[in-house]
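**Q** Before we start, here is the structure in question, set down as structure tokens.
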Amino acid sequence: MNEIIISVKDLKKNYGEFEAVKGISFDVRRGEIFGLLGPNGAGKSTTLEIIETLRQKTSGEVIVNGFNLDDSPNEIKKIIGVQLQTSGYYPSLNLTELIHLFAGLYNEIIDPLTLLDSVNLRDKAKAKYKELSGGQKQRFSIATTLINKPKIIFLDEPTTGLDPQARRNLWELIKNIRDAGTTVIITTHYMDEAEVLCDRVAIIDSGKIIALNSPDKLIDELVDTGFERPKEVKKANLEDVFINLTGHVLRED
Ligand code: ADP
Ligand code: MG
């Protein structure tokens with residue numbers, strides 16, 4: 001669990017005069033769910049896309065599974081799974097056809113139904129992407145990251161805009177992917193999500209990492225400073241009420 005699969009050192013990215021990423025360093029361990037947390041514009045997607053080989057960095061060093069991004073971007077591409085832009089989901093094709101298409105691009109032979117099963121979408125095999133609910137779209141998108149049997153997958157805000165049931169369902173799916181041995185890097189600005197899902201998180205703000213640890217340790221560190229919540233916290237919150245009333249069952253299917 002302590003072996004490093006991604007090493008980022010002093011990574012910088014400028015867009016013209018603007019410094020979007022200001023020299024960040026972090027390691028991701030093999031087999032963990034690593035979260036990049038931060039407000040909009042913090043530089044999360046920029047960082048992810050540089051590691052994914054989709055964006056040029058300004059400076060710094062990125063090593064993925066022993067491959068240096070500067071020398072071996074194609075080796076990196078082979079071992080990572082990236083969510084495609086939804087514009088790649090040709091509207092006239094159904095999910096089975098889309099999986100065949102993507103598998104062909106990766107030169108992989110894959111059984112679409114097995115893959116759809118793994119994200120609980122077997123009964124949508126003949127449906128078109130645009131006919132799916134928000135949660136189903138995200139599950140399909142995550143399935144497509146697994147087509148090339150990657151060592152690492154990158155998920156950029158996979159639960160934004162989903163209802164509570166669909167979010168919880170996606171958390172289970174992402175944990176299952178981690179438990180099957182795939183390293184996961186995820187961005188989110190939902191702290192409850194990071195707390196239950198991520199093994200370790202980096203908090204990034206205005207292009208700088210301002211904290212990096214497990215959620216548990218970060219909370220302990222804050223408590224050790226004498227921090228206390230302003231008032232006694234109730235034993236449940238409104239989301240608990242909502243889930244308790246409406247159940248965990250997905251409504252979209
Ligand atoms: P996040 O994903 O954390 O919301 P981004 O990495 O998308 O942040 O963006 C970081 C900053 O860089 C933002 O201020 C954004 O406006 C800027 N930015 C992102 N992409 C570009 C681009 N292609 N050209 C110029 N500025 C960009
Ligand atoms: Mg982003």
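Convention: chains lettered A, B, ... in structure tokens order; per-chain residue numbering from 1; ligands numbered from 1 as shown.
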Which residues of chain A come within 7 Å of ligand 2, and what is each one's closest atom pair and distance in Å (one decimal), counting only C-alpha atoms and all ligand atoms, sorted by chain and residue number, as JSON lines?
**A**
{"residue": "A:Asn40", "atom": "CA", "partner": "ligand 2", "partner_atom_place_in_ligand_line": "1 (Mg)", "distance": 6.6}
{"residue": "A:Gly41", "atom": "CA", "partner": "ligand 2", "partner_atom_place_in_ligand_line": "1 (Mg)", "distance": 6.8}
{"residue": "A:Gly43", "atom": "CA", "partner": "ligand 2", "partner_atom_place_in_ligand_line": "1 (Mg)", "distance": 7.0}
{"residue": "A:Lys44", "atom": "CA", "partner": "ligand 2", "partner_atom_place_in_ligand_line": "1 (Mg)", "distance": 5.4}
{"residue": "A:Ser45", "atom": "CA", "partner": "ligand 2", "partner_atom_place_in_ligand_line": "1 (Mg)", "distance": 4.1}
{"residue": "A:Asp156", "atom": "CA", "partner": "ligand 2", "partner_atom_place_in_ligand_line": "1 (Mg)", "distance": 6.6}
**Q** Hey, can you spit out that residue selection with all heavy atoms as a JSON list (two decimals), in the first residue's frame?
**A**
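Result saved to again-v7.json:
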[["chain", "number", "residue", "atom", "x", "y", "z"],
["A", 40, "ASN", "N", -13.65, 25.75, -6.83],
["A", 40, "ASN", "CA", -13.56, 25.95, -8.28],
["A", 40, "ASN", "C", -12.38, 26.84, -8.61],
["A", 40, "ASN", "O", -12.14, 27.83, -7.93],
["A", 40, "ASN", "CB", -14.84, 26.61, -8.81],
["A", 40, "ASN", "CG", -15.99, 25.64, -8.87],
["A", 40, "ASN", "OD1", -15.78, 24.43, -9.05],
["A", 40, "ASN", "ND2", -17.20, 26.13, -8.71],
["A", 41, "GLY", "N", -11.65, 26.47, -9.65],
["A", 41, "GLY", "CA", -10.53, 27.29, -10.10],
["A", 41, "GLY", "C", -9.23, 27.03, -9.35],
["A", 41, "GLY", "O", -8.23, 27.69, -9.59],
["A", 43, "GLY", "N", -7.22, 24.56, -9.54],
["A", 43, "GLY", "CA", -6.18, 23.94, -10.37],
["A", 43, "GLY", "C", -6.25, 22.42, -10.38],
["A", 43, "GLY", "O", -5.33, 21.74, -10.83],
["A", 44, "LYS", "N", -7.39, 21.85, -9.94],
["A", 44, "LYS", "CA", -7.53, 20.39, -9.85],
["A", 44, "LYS", "C", -7.53, 19.75, -11.23],
["A", 44, "LYS", "O", -6.76, 18.83, -11.50],
["A", 44, "LYS", "CB", -8.85, 20.03, -9.13],
["A", 44, "LYS", "CG", -9.00, 20.65, -7.75],
["A", 44, "LYS", "CD", -10.30, 20.25, -7.09],
["A", 44, "LYS", "CE", -11.56, 20.74, -7.76],
["A", 44, "LYS", "NZ", -11.72, 22.22, -7.78],
["A", 45, "SER", "N", -8.39, 20.25, -12.11],
["A", 45, "SER", "CA", -8.49, 19.63, -13.45],
["A", 45, "SER", "C", -7.20, 19.82, -14.23],
["A", 45, "SER", "O", -6.76, 18.91, -14.93],
["A", 45, "SER", "CB", -9.66, 20.24, -14.23],
["A", 45, "SER", "OG", -10.88, 19.97, -13.59],
["A", 156, "ASP", "N", -12.80, 13.13, -12.56],
["A", 156, "ASP", "CA", -12.87, 14.57, -12.29],
["A", 156, "ASP", "C", -14.31, 14.94, -11.93],
["A", 156, "ASP", "O", -15.18, 14.97, -12.81],
["A", 156, "ASP", "CB", -12.39, 15.34, -13.52],
["A", 156, "ASP", "CG", -12.01, 16.79, -13.18],
["A", 156, "ASP", "OD1", -12.27, 17.24, -12.04],
["A", 156, "ASP", "OD2", -11.44, 17.47, -14.06]]
**Q** Kindly provide, as a VMD selection string, all nucleotide and amino acid residues lying within 9 Å of ligand 1, counting only C-alpha atoms and all ligand atoms.
**A** chain A and resid 13 to 16 18 to 21 36 to 49 156 to 157 187 to 189 204 to 207
**Q** Could you write out that same residue set with C-alpha atoms as a JSON list (two decimals), in the first residue's frame?
**A**
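The resulting selection-v7.json:
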[["chain", "number", "residue", "atom", "x", "y", "z"],
["A", 13, "LYS", "CA", 1.28, 25.43, -15.07],
["A", 14, "ASN", "CA", 0.90, 28.93, -16.44],
["A", 15, "TYR", "CA", -1.84, 30.05, -18.80],
["A", 16, "GLY", "CA", -0.13, 33.08, -20.28],
["A", 18, "PHE", "CA", -1.65, 33.50, -15.00],
["A", 19, "GLU", "CA", -0.13, 30.88, -12.68],
["A", 20, "ALA", "CA", -2.84, 28.23, -12.34],
["A", 21, "VAL", "CA", -0.60, 25.62, -10.62],
["A", 36, "LEU", "CA", -7.69, 16.40, -4.88],
["A", 37, "LEU", "CA", -9.97, 18.77, -3.01],
["A", 38, "GLY", "CA", -10.43, 22.43, -3.60],
["A", 39, "PRO", "CA", -12.78, 25.18, -4.64],
["A", 40, "ASN", "CA", -13.56, 25.95, -8.28],
["A", 41, "GLY", "CA", -10.53, 27.29, -10.10],
["A", 42, "ALA", "CA", -8.04, 25.79, -7.61],
["A", 43, "GLY", "CA", -6.18, 23.94, -10.37],
["A", 44, "LYS", "CA", -7.53, 20.39, -9.85],
["A", 45, "SER", "CA", -8.49, 19.63, -13.45],
["A", 46, "THR", "CA", -5.33, 21.24, -14.78],
["A", 47, "THR", "CA", -3.22, 19.01, -12.51],
["A", 48, "LEU", "CA", -5.18, 15.90, -13.45],
["A", 49, "GLU", "CA", -5.01, 16.58, -17.16],
["A", 156, "ASP", "CA", -12.87, 14.57, -12.29],
["A", 157, "GLU", "CA", -15.88, 15.52, -10.14],
["A", 187, "THR", "CA", -11.46, 15.47, -7.58],
["A", 188, "THR", "CA", -14.39, 16.76, -5.60],
["A", 189, "HIS", "CA", -15.52, 19.76, -3.65],
["A", 204, "ILE", "CA", -5.43, 22.63, -3.11],
["A", 205, "ASP", "CA", -6.24, 26.32, -3.17],
["A", 206, "SER", "CA", -5.17, 28.90, -5.76],
["A", 207, "GLY", "CA", -2.70, 26.46, -7.30]]
**Q** Considering only C-alpha atoms, can you say which of A:Val223, A:Ala103, A:Leu173, A:Val201 comes closest to Ile186 of chain A?
**A**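 The shortest atom-to-atom distance to Ile186 of chain A comes from A:Val201.
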**Q** Write out as an mmCIF file with N, CA and C atoms, in the first residue's frame which residues come within 12 Å of Glu239 of chain A when counting only C-alpha atoms, dropping same-chain ones fewer than 5 positions away.
**A**
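This is the output file around-v1.cif:
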data_model
loop_
_atom_site.group_PDB
_atom_site.id
_atom_site.type_symbol
_atom_site.label_atom_id
_atom_site.label_comp_id
_atom_site.auth_asym_id
_atom_site.auth_seq_id
_atom_site.Cartn_x
_atom_site.Cartn_y
_atom_site.Cartn_z
ATOM 1 N N ASP A 163 -28.103 13.064 -7.251
ATOM 2 C CA ASP A 163 -28.896 13.043 -6.026
ATOM 3 C C ASP A 163 -28.211 12.143 -4.981
ATOM 4 N N PRO A 164 -28.625 12.237 -3.701
ATOM 5 C CA PRO A 164 -27.909 11.510 -2.639
ATOM 6 C C PRO A 164 -27.803 10.009 -2.873
ATOM 7 N N GLN A 165 -28.858 9.383 -3.371
ATOM 8 C CA GLN A 165 -28.784 7.938 -3.612
ATOM 9 C C GLN A 165 -27.747 7.620 -4.676
ATOM 10 N N ARG A 167 -25.191 9.380 -5.556
ATOM 11 C CA ARG A 167 -23.838 9.643 -5.047
ATOM 12 C C ARG A 167 -23.338 8.468 -4.230
ATOM 13 N N ARG A 168 -24.173 7.977 -3.315
ATOM 14 C CA ARG A 168 -23.761 6.843 -2.484
ATOM 15 C C ARG A 168 -23.470 5.618 -3.337
ATOM 16 N N ASP A 192 -17.948 15.750 2.519
ATOM 17 C CA ASP A 192 -18.502 14.500 3.073
ATOM 18 C C ASP A 192 -18.073 13.320 2.202
ATOM 19 N N ASN A 244 -33.116 8.478 5.009
ATOM 20 C CA ASN A 244 -33.946 7.619 5.851
ATOM 21 C C ASN A 244 -35.378 7.560 5.328
ATOM 22 N N LEU A 245 -35.867 8.693 4.812
ATOM 23 C CA LEU A 245 -37.239 8.737 4.298
ATOM 24 C C LEU A 245 -37.360 8.115 2.917
ATOM 25 N N THR A 246 -36.380 8.350 2.071
ATOM 26 C CA THR A 246 -36.520 7.939 0.668
ATOM 27 C C THR A 246 -35.756 6.661 0.355
ATOM 28 N N GLY A 247 -34.913 6.206 1.283
ATOM 29 C CA GLY A 247 -34.227 4.930 1.104
ATOM 30 C C GLY A 247 -32.967 5.041 0.273
ATOM 31 N N HIS A 248 -32.174 3.957 0.304
ATOM 32 C CA HIS A 248 -30.913 3.932 -0.438
ATOM 33 C C HIS A 248 -31.112 3.517 -1.886
#
**Q** Would you give me, as an mmCIF file with all heavy atoms, in the first residue's frame, the residues in segment 76-116 of chain A that DSSP reads as alpha helix (DSSP H)?
**A**
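Contents of states-v4.cif, freshly written:
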data_model
loop_
_atom_site.group_PDB
_atom_site.id
_atom_site.type_symbol
_atom_site.label_atom_id
_atom_site.label_comp_id
_atom_site.auth_asym_id
_atom_site.auth_seq_id
_atom_site.Cartn_x
_atom_site.Cartn_y
_atom_site.Cartn_z
ATOM 1 N N ILE A 76 2.576 5.953 -20.393
ATOM 2 C CA ILE A 76 1.627 6.377 -19.349
ATOM 3 C C ILE A 76 0.195 6.198 -19.845
ATOM 4 O O ILE A 76 -0.659 5.661 -19.137
ATOM 5 C CB ILE A 76 1.905 7.837 -18.924
ATOM 6 C CG1 ILE A 76 3.277 7.922 -18.242
ATOM 7 C CG2 ILE A 76 0.801 8.362 -18.006
ATOM 8 C CD1 ILE A 76 3.710 9.311 -17.831
ATOM 9 N N LYS A 77 -0.059 6.614 -21.089
ATOM 10 C CA LYS A 77 -1.423 6.494 -21.642
ATOM 11 C C LYS A 77 -1.937 5.058 -21.572
ATOM 12 O O LYS A 77 -3.125 4.835 -21.359
ATOM 13 C CB LYS A 77 -1.428 6.949 -23.108
ATOM 14 C CG LYS A 77 -1.554 8.448 -23.253
ATOM 15 C CD LYS A 77 -1.654 8.855 -24.712
ATOM 16 C CE LYS A 77 -1.311 10.324 -24.835
ATOM 17 N NZ LYS A 77 -0.668 10.700 -26.080
ATOM 18 N N LYS A 78 -1.026 4.102 -21.756
ATOM 19 C CA LYS A 78 -1.450 2.691 -21.804
ATOM 20 C C LYS A 78 -1.948 2.179 -20.463
ATOM 21 O O LYS A 78 -2.720 1.222 -20.424
ATOM 22 C CB LYS A 78 -0.257 1.815 -22.222
ATOM 23 C CG LYS A 78 0.026 1.847 -23.700
ATOM 24 C CD LYS A 78 1.164 0.888 -24.021
ATOM 25 C CE LYS A 78 1.867 1.348 -25.287
ATOM 26 N NZ LYS A 78 3.222 0.829 -25.380
ATOM 27 N N ILE A 79 -1.496 2.781 -19.379
ATOM 28 C CA ILE A 79 -1.828 2.197 -18.066
ATOM 29 C C ILE A 79 -2.811 3.050 -17.276
ATOM 30 O O ILE A 79 -3.049 2.787 -16.106
ATOM 31 C CB ILE A 79 -0.558 1.945 -17.227
ATOM 32 C CG1 ILE A 79 0.236 3.239 -17.069
ATOM 33 C CG2 ILE A 79 0.302 0.861 -17.846
ATOM 34 C CD1 ILE A 79 0.766 3.406 -15.683
ATOM 35 N N LEU A 95 -25.096 1.651 -25.720
ATOM 36 C CA LEU A 95 -23.959 1.455 -24.801
ATOM 37 C C LEU A 95 -23.057 0.306 -25.248
ATOM 38 O O LEU A 95 -21.828 0.406 -25.180
ATOM 39 C CB LEU A 95 -24.471 1.195 -23.372
ATOM 40 C CG LEU A 95 -25.327 2.289 -22.731
ATOM 41 C CD1 LEU A 95 -25.493 2.015 -21.242
ATOM 42 C CD2 LEU A 95 -24.785 3.693 -22.955
ATOM 43 N N THR A 96 -23.669 -0.775 -25.714
ATOM 44 C CA THR A 96 -22.868 -1.915 -26.183
ATOM 45 C C THR A 96 -21.990 -1.493 -27.354
ATOM 46 O O THR A 96 -20.790 -1.802 -27.397
ATOM 47 C CB THR A 96 -23.810 -3.057 -26.647
ATOM 48 O OG1 THR A 96 -24.679 -3.365 -25.567
ATOM 49 C CG2 THR A 96 -23.017 -4.285 -27.046
ATOM 50 N N GLU A 97 -22.578 -0.754 -28.287
ATOM 51 C CA GLU A 97 -21.819 -0.319 -29.473
ATOM 52 C C GLU A 97 -20.706 0.654 -29.088
ATOM 53 O O GLU A 97 -19.603 0.612 -29.641
ATOM 54 C CB GLU A 97 -22.777 0.310 -30.493
ATOM 55 C CG GLU A 97 -23.729 -0.705 -31.110
ATOM 56 C CD GLU A 97 -24.949 -0.066 -31.780
ATOM 57 O OE1 GLU A 97 -25.316 1.085 -31.455
ATOM 58 O OE2 GLU A 97 -25.542 -0.751 -32.639
ATOM 59 N N LEU A 98 -21.011 1.523 -28.124
ATOM 60 C CA LEU A 98 -19.981 2.474 -27.666
ATOM 61 C C LEU A 98 -18.799 1.729 -27.045
ATOM 62 O O LEU A 98 -17.639 2.064 -27.292
ATOM 63 C CB LEU A 98 -20.574 3.454 -26.647
ATOM 64 C CG LEU A 98 -21.431 4.576 -27.230
ATOM 65 C CD1 LEU A 98 -22.159 5.312 -26.108
ATOM 66 C CD2 LEU A 98 -20.600 5.549 -28.050
ATOM 67 N N ILE A 99 -19.098 0.706 -26.246
ATOM 68 C CA ILE A 99 -18.009 -0.051 -25.606
ATOM 69 C C ILE A 99 -17.164 -0.757 -26.667
ATOM 70 O O ILE A 99 -15.931 -0.747 -26.609
ATOM 71 C CB ILE A 99 -18.570 -1.052 -24.575
ATOM 72 C CG1 ILE A 99 -19.141 -0.274 -23.379
ATOM 73 C CG2 ILE A 99 -17.485 -2.020 -24.106
ATOM 74 C CD1 ILE A 99 -19.927 -1.117 -22.411
ATOM 75 N N HIS A 100 -17.823 -1.322 -27.675
ATOM 76 C CA HIS A 100 -17.074 -1.950 -28.771
ATOM 77 C C HIS A 100 -16.174 -0.924 -29.457
ATOM 78 O O HIS A 100 -15.013 -1.194 -29.773
ATOM 79 C CB HIS A 100 -18.032 -2.566 -29.801
ATOM 80 C CG HIS A 100 -18.506 -3.937 -29.424
ATOM 81 N ND1 HIS A 100 -17.634 -4.967 -29.159
ATOM 82 C CD2 HIS A 100 -19.747 -4.436 -29.246
ATOM 83 C CE1 HIS A 100 -18.323 -6.055 -28.844
ATOM 84 N NE2 HIS A 100 -19.609 -5.752 -28.886
ATOM 85 N N LEU A 101 -16.721 0.263 -29.677
ATOM 86 C CA LEU A 101 -15.960 1.321 -30.344
ATOM 87 C C LEU A 101 -14.720 1.688 -29.525
ATOM 88 O O LEU A 101 -13.596 1.712 -30.034
ATOM 89 C CB LEU A 101 -16.859 2.549 -30.540
ATOM 90 C CG LEU A 101 -16.167 3.797 -31.089
ATOM 91 C CD1 LEU A 101 -15.839 3.612 -32.569
ATOM 92 C CD2 LEU A 101 -17.042 5.032 -30.911
ATOM 93 N N PHE A 102 -14.920 1.949 -28.218
ATOM 94 C CA PHE A 102 -13.790 2.357 -27.367
ATOM 95 C C PHE A 102 -12.786 1.215 -27.220
ATOM 96 O O PHE A 102 -11.578 1.435 -27.218
ATOM 97 C CB PHE A 102 -14.284 2.803 -25.982
ATOM 98 C CG PHE A 102 -15.184 4.011 -26.016
ATOM 99 C CD1 PHE A 102 -16.271 4.109 -25.170
ATOM 100 C CD2 PHE A 102 -14.932 5.049 -26.902
ATOM 101 C CE1 PHE A 102 -17.103 5.223 -25.201
ATOM 102 C CE2 PHE A 102 -15.758 6.170 -26.935
ATOM 103 C CZ PHE A 102 -16.844 6.248 -26.081
ATOM 104 N N ALA A 103 -13.295 -0.009 -27.094
ATOM 105 C CA ALA A 103 -12.384 -1.160 -26.957
ATOM 106 C C ALA A 103 -11.511 -1.265 -28.202
ATOM 107 O O ALA A 103 -10.310 -1.539 -28.116
ATOM 108 C CB ALA A 103 -13.182 -2.438 -26.746
ATOM 109 N N GLY A 104 -12.123 -0.998 -29.357
ATOM 110 C CA GLY A 104 -11.369 -1.022 -30.609
ATOM 111 C C GLY A 104 -10.257 0.023 -30.615
ATOM 112 O O GLY A 104 -9.128 -0.249 -31.038
ATOM 113 N N LEU A 105 -10.559 1.196 -30.075
ATOM 114 C CA LEU A 105 -9.551 2.261 -30.020
ATOM 115 C C LEU A 105 -8.366 1.832 -29.154
ATOM 116 O O LEU A 105 -7.229 2.194 -29.411
ATOM 117 C CB LEU A 105 -10.151 3.552 -29.440
ATOM 118 C CG LEU A 105 -11.286 4.206 -30.235
ATOM 119 C CD1 LEU A 105 -11.823 5.420 -29.491
ATOM 120 C CD2 LEU A 105 -10.806 4.616 -31.620
ATOM 121 N N TYR A 106 -8.658 1.076 -28.104
ATOM 122 C CA TYR A 106 -7.596 0.630 -27.188
ATOM 123 C C TYR A 106 -7.007 -0.717 -27.610
ATOM 124 O O TYR A 106 -6.148 -1.244 -26.917
ATOM 125 C CB TYR A 106 -8.159 0.464 -25.772
ATOM 126 C CG TYR A 106 -8.413 1.742 -25.032
ATOM 127 C CD1 TYR A 106 -9.676 2.058 -24.563
ATOM 128 C CD2 TYR A 106 -7.367 2.616 -24.763
ATOM 129 C CE1 TYR A 106 -9.902 3.219 -23.846
ATOM 130 C CE2 TYR A 106 -7.586 3.784 -24.049
ATOM 131 C CZ TYR A 106 -8.853 4.070 -23.595
ATOM 132 O OH TYR A 106 -9.077 5.208 -22.877
ATOM 133 N N PRO A 112 -18.950 -6.468 -23.562
ATOM 134 C CA PRO A 112 -19.675 -5.288 -23.086
ATOM 135 C C PRO A 112 -20.604 -5.596 -21.910
ATOM 136 O O PRO A 112 -20.705 -4.803 -20.975
ATOM 137 C CB PRO A 112 -20.473 -4.833 -24.304
ATOM 138 C CG PRO A 112 -19.735 -5.360 -25.465
ATOM 139 C CD PRO A 112 -19.127 -6.652 -25.020
ATOM 140 N N LEU A 113 -21.253 -6.784 -21.947
ATOM 141 C CA LEU A 113 -22.211 -7.077 -20.881
ATOM 142 C C LEU A 113 -21.522 -7.266 -19.532
ATOM 143 O O LEU A 113 -22.032 -6.836 -18.497
ATOM 144 C CB LEU A 113 -23.037 -8.321 -21.231
ATOM 145 C CG LEU A 113 -24.155 -8.087 -22.243
ATOM 146 C CD1 LEU A 113 -24.955 -9.362 -22.458
ATOM 147 C CD2 LEU A 113 -25.073 -6.942 -21.816
ATOM 148 N N THR A 114 -20.337 -7.873 -19.549
ATOM 149 C CA THR A 114 -19.588 -8.042 -18.297
ATOM 150 C C THR A 114 -19.215 -6.680 -17.735
ATOM 151 O O THR A 114 -19.349 -6.411 -16.537
ATOM 152 C CB THR A 114 -18.309 -8.873 -18.546
ATOM 153 O OG1 THR A 114 -18.687 -10.067 -19.209
ATOM 154 C CG2 THR A 114 -17.596 -9.200 -17.253
ATOM 155 N N LEU A 115 -18.751 -5.803 -18.623
ATOM 156 C CA LEU A 115 -18.364 -4.463 -18.182
ATOM 157 C C LEU A 115 -19.588 -3.698 -17.664
ATOM 158 O O LEU A 115 -19.539 -3.076 -16.597
ATOM 159 C CB LEU A 115 -17.706 -3.691 -19.341
ATOM 160 C CG LEU A 115 -17.195 -2.307 -18.976
ATOM 161 C CD1 LEU A 115 -16.027 -2.399 -17.998
ATOM 162 C CD2 LEU A 115 -16.733 -1.545 -20.221
ATOM 163 N N LEU A 116 -20.700 -3.771 -18.401
ATOM 164 C CA LEU A 116 -21.919 -3.071 -17.970
ATOM 165 C C LEU A 116 -22.426 -3.636 -16.646
ATOM 166 O O LEU A 116 -22.901 -2.899 -15.779
ATOM 167 C CB LEU A 116 -22.996 -3.163 -19.055
ATOM 168 C CG LEU A 116 -22.718 -2.323 -20.306
ATOM 169 C CD1 LEU A 116 -23.737 -2.622 -21.399
ATOM 170 C CD2 LEU A 116 -22.718 -0.826 -19.975
#
**Q** Can you tell me, as a VMD selection string, which residues in segment 86-215 of chain A count as strand (DSSP E) by DSSP?
**A** chain A and resid 152 to 156 183 to 188 200 to 205 208 to 213
**Q** Might you pull out every residue within 10 Å of Glu131 of chain A, with only C-alpha atoms counted and same-chain residues fewer than 6 positions away left off, and present them as a VMD selection string?
**A** chain A and resid 91 94 124 137
**Q** Env of Cys198 of chain A: 9 Å cut, atoms = only C-alpha atoms, seq-sep filter 5 positions within chain, self excluded. Answer as a list in words.
**A** Glu32, Ile33, Phe34, Gly35, Ile185, Ile186, Glu193, Ser214 and Pro215 of chain A
**Q** Point out the residue among A:Ile110, A:Leu84, A:Leu146, A:Ile153 with the least atom-to-atom distance to Ile6 of chain A, counting only C-alpha atoms.
**A**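 Ranked by minimum distance to Ile6 of chain A, first place goes to A:Ile153.
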**Q** Residues at most 6 Å from segment 53-66 of chain A, counting only C-alpha atoms, excluding those fewer than 4 positions away in the same chain, as a ChimeraX atom specification?
**A** /A:5-13,49
**Q** Could you dump the residues just selected with N, CA and C atoms as a PDB file, in the first residue's frame?
**A**
ATOM      1  N   ILE A   5       2.902   5.160  -6.919  1.00  0.00           N
ATOM      2  CA  ILE A   5       2.588   4.919  -8.335  1.00  0.00           C
ATOM      3  C   ILE A   5       2.611   6.222  -9.141  1.00  0.00           C
ATOM      4  N   ILE A   6       2.347   7.344  -8.463  1.00  0.00           N
ATOM      5  CA  ILE A   6       2.451   8.649  -9.136  1.00  0.00           C
ATOM      6  C   ILE A   6       3.270   9.575  -8.249  1.00  0.00           C
ATOM      7  N   SER A   7       4.276  10.192  -8.851  1.00  0.00           N
ATOM      8  CA  SER A   7       5.075  11.166  -8.114  1.00  0.00           C
ATOM      9  C   SER A   7       5.064  12.479  -8.891  1.00  0.00           C
ATOM     10  N   VAL A   8       4.628  13.536  -8.230  1.00  0.00           N
ATOM     11  CA  VAL A   8       4.568  14.871  -8.843  1.00  0.00           C
ATOM     12  C   VAL A   8       5.493  15.780  -8.040  1.00  0.00           C
ATOM     13  N   LYS A   9       6.441  16.432  -8.734  1.00  0.00           N
ATOM     14  CA  LYS A   9       7.386  17.300  -8.018  1.00  0.00           C
ATOM     15  C   LYS A   9       7.418  18.693  -8.627  1.00  0.00           C
ATOM     16  N   ASP A  10       7.115  19.665  -7.796  1.00  0.00           N
ATOM     17  CA  ASP A  10       7.211  21.086  -8.154  1.00  0.00           C
ATOM     18  C   ASP A  10       6.524  21.386  -9.490  1.00  0.00           C
ATOM     19  N   LEU A  11       5.324  20.857  -9.648  1.00  0.00           N
ATOM     20  CA  LEU A  11       4.575  21.033 -10.904  1.00  0.00           C
ATOM     21  C   LEU A  11       4.024  22.457 -11.009  1.00  0.00           C
ATOM     22  N   LYS A  12       4.302  23.064 -12.155  1.00  0.00           N
ATOM     23  CA  LYS A  12       3.778  24.410 -12.419  1.00  0.00           C
ATOM     24  C   LYS A  12       3.058  24.445 -13.762  1.00  0.00           C
ATOM     25  N   LYS A  13       1.988  25.223 -13.801  1.00  0.00           N
ATOM     26  CA  LYS A  13       1.285  25.432 -15.071  1.00  0.00           C
ATOM     27  C   LYS A  13       0.849  26.889 -15.167  1.00  0.00           C
ATOM     28  N   GLU A  49      -5.191  16.727 -15.716  1.00  0.00           N
ATOM     29  CA  GLU A  49      -5.012  16.577 -17.163  1.00  0.00           C
ATOM     30  C   GLU A  49      -3.545  16.573 -17.562  1.00  0.00           C
TER      31      GLU A  49
END
**Q** Counting only C-alpha atoms, which of A:Ile174, A:Ala127, A:Ile24, A:Ile210 gets nearest to Ile152 of chain A?
**A**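 Among the listed residues, the smallest separation from Ile152 of chain A belongs to A:Ile174.
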**Q** What does the distance between atom CA of Asn68 of chain A and atom CA of Val82 of chain A come to in Å, to one decimal place?
**A**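 That distance, rounded to one decimal, is 18.3 Å.
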**Q** Taking only C-alpha atoms into account, which of A:Gly81, A:Gly161, A:Pro73, A:Pro150 comes nearest Ser133 of chain A?
**A**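 Under the stated criterion, the closest residue is A:Gly161.
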**Q** Go through A:Arg200, A:Lys126, A:Lys22, A:Lys217 one by one, measure the shortest atom-to-atom distance of each to Asn2 of chain A using only C-alpha atoms, and give the residue with the smallest value.
**A**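 Answer, going by the shortest atom-to-atom distance: A:Arg200.
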**Q** Could you jot down the atom CA of Arg29 of chain A to atom CA of Glu3 of chain A separation for me, Å, one decimal place?
**A** 5.4 Å
**Q** Between atom CA of Gln138 of chain A and atom CA of Leu170 of chain A, what is the distance in Å, rounded to a tenth?
**A**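 Calculated distance between atom CA of Gln138 of chain A and atom CA of Leu170 of chain A is 8.1 Å.
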**Q** Taking only C-alpha atoms into account, which of A:Trp171, A:Tyr89, A:Phe227, A:Phe154 comes nearest Tyr129 of chain A?
**A** A:Tyr89
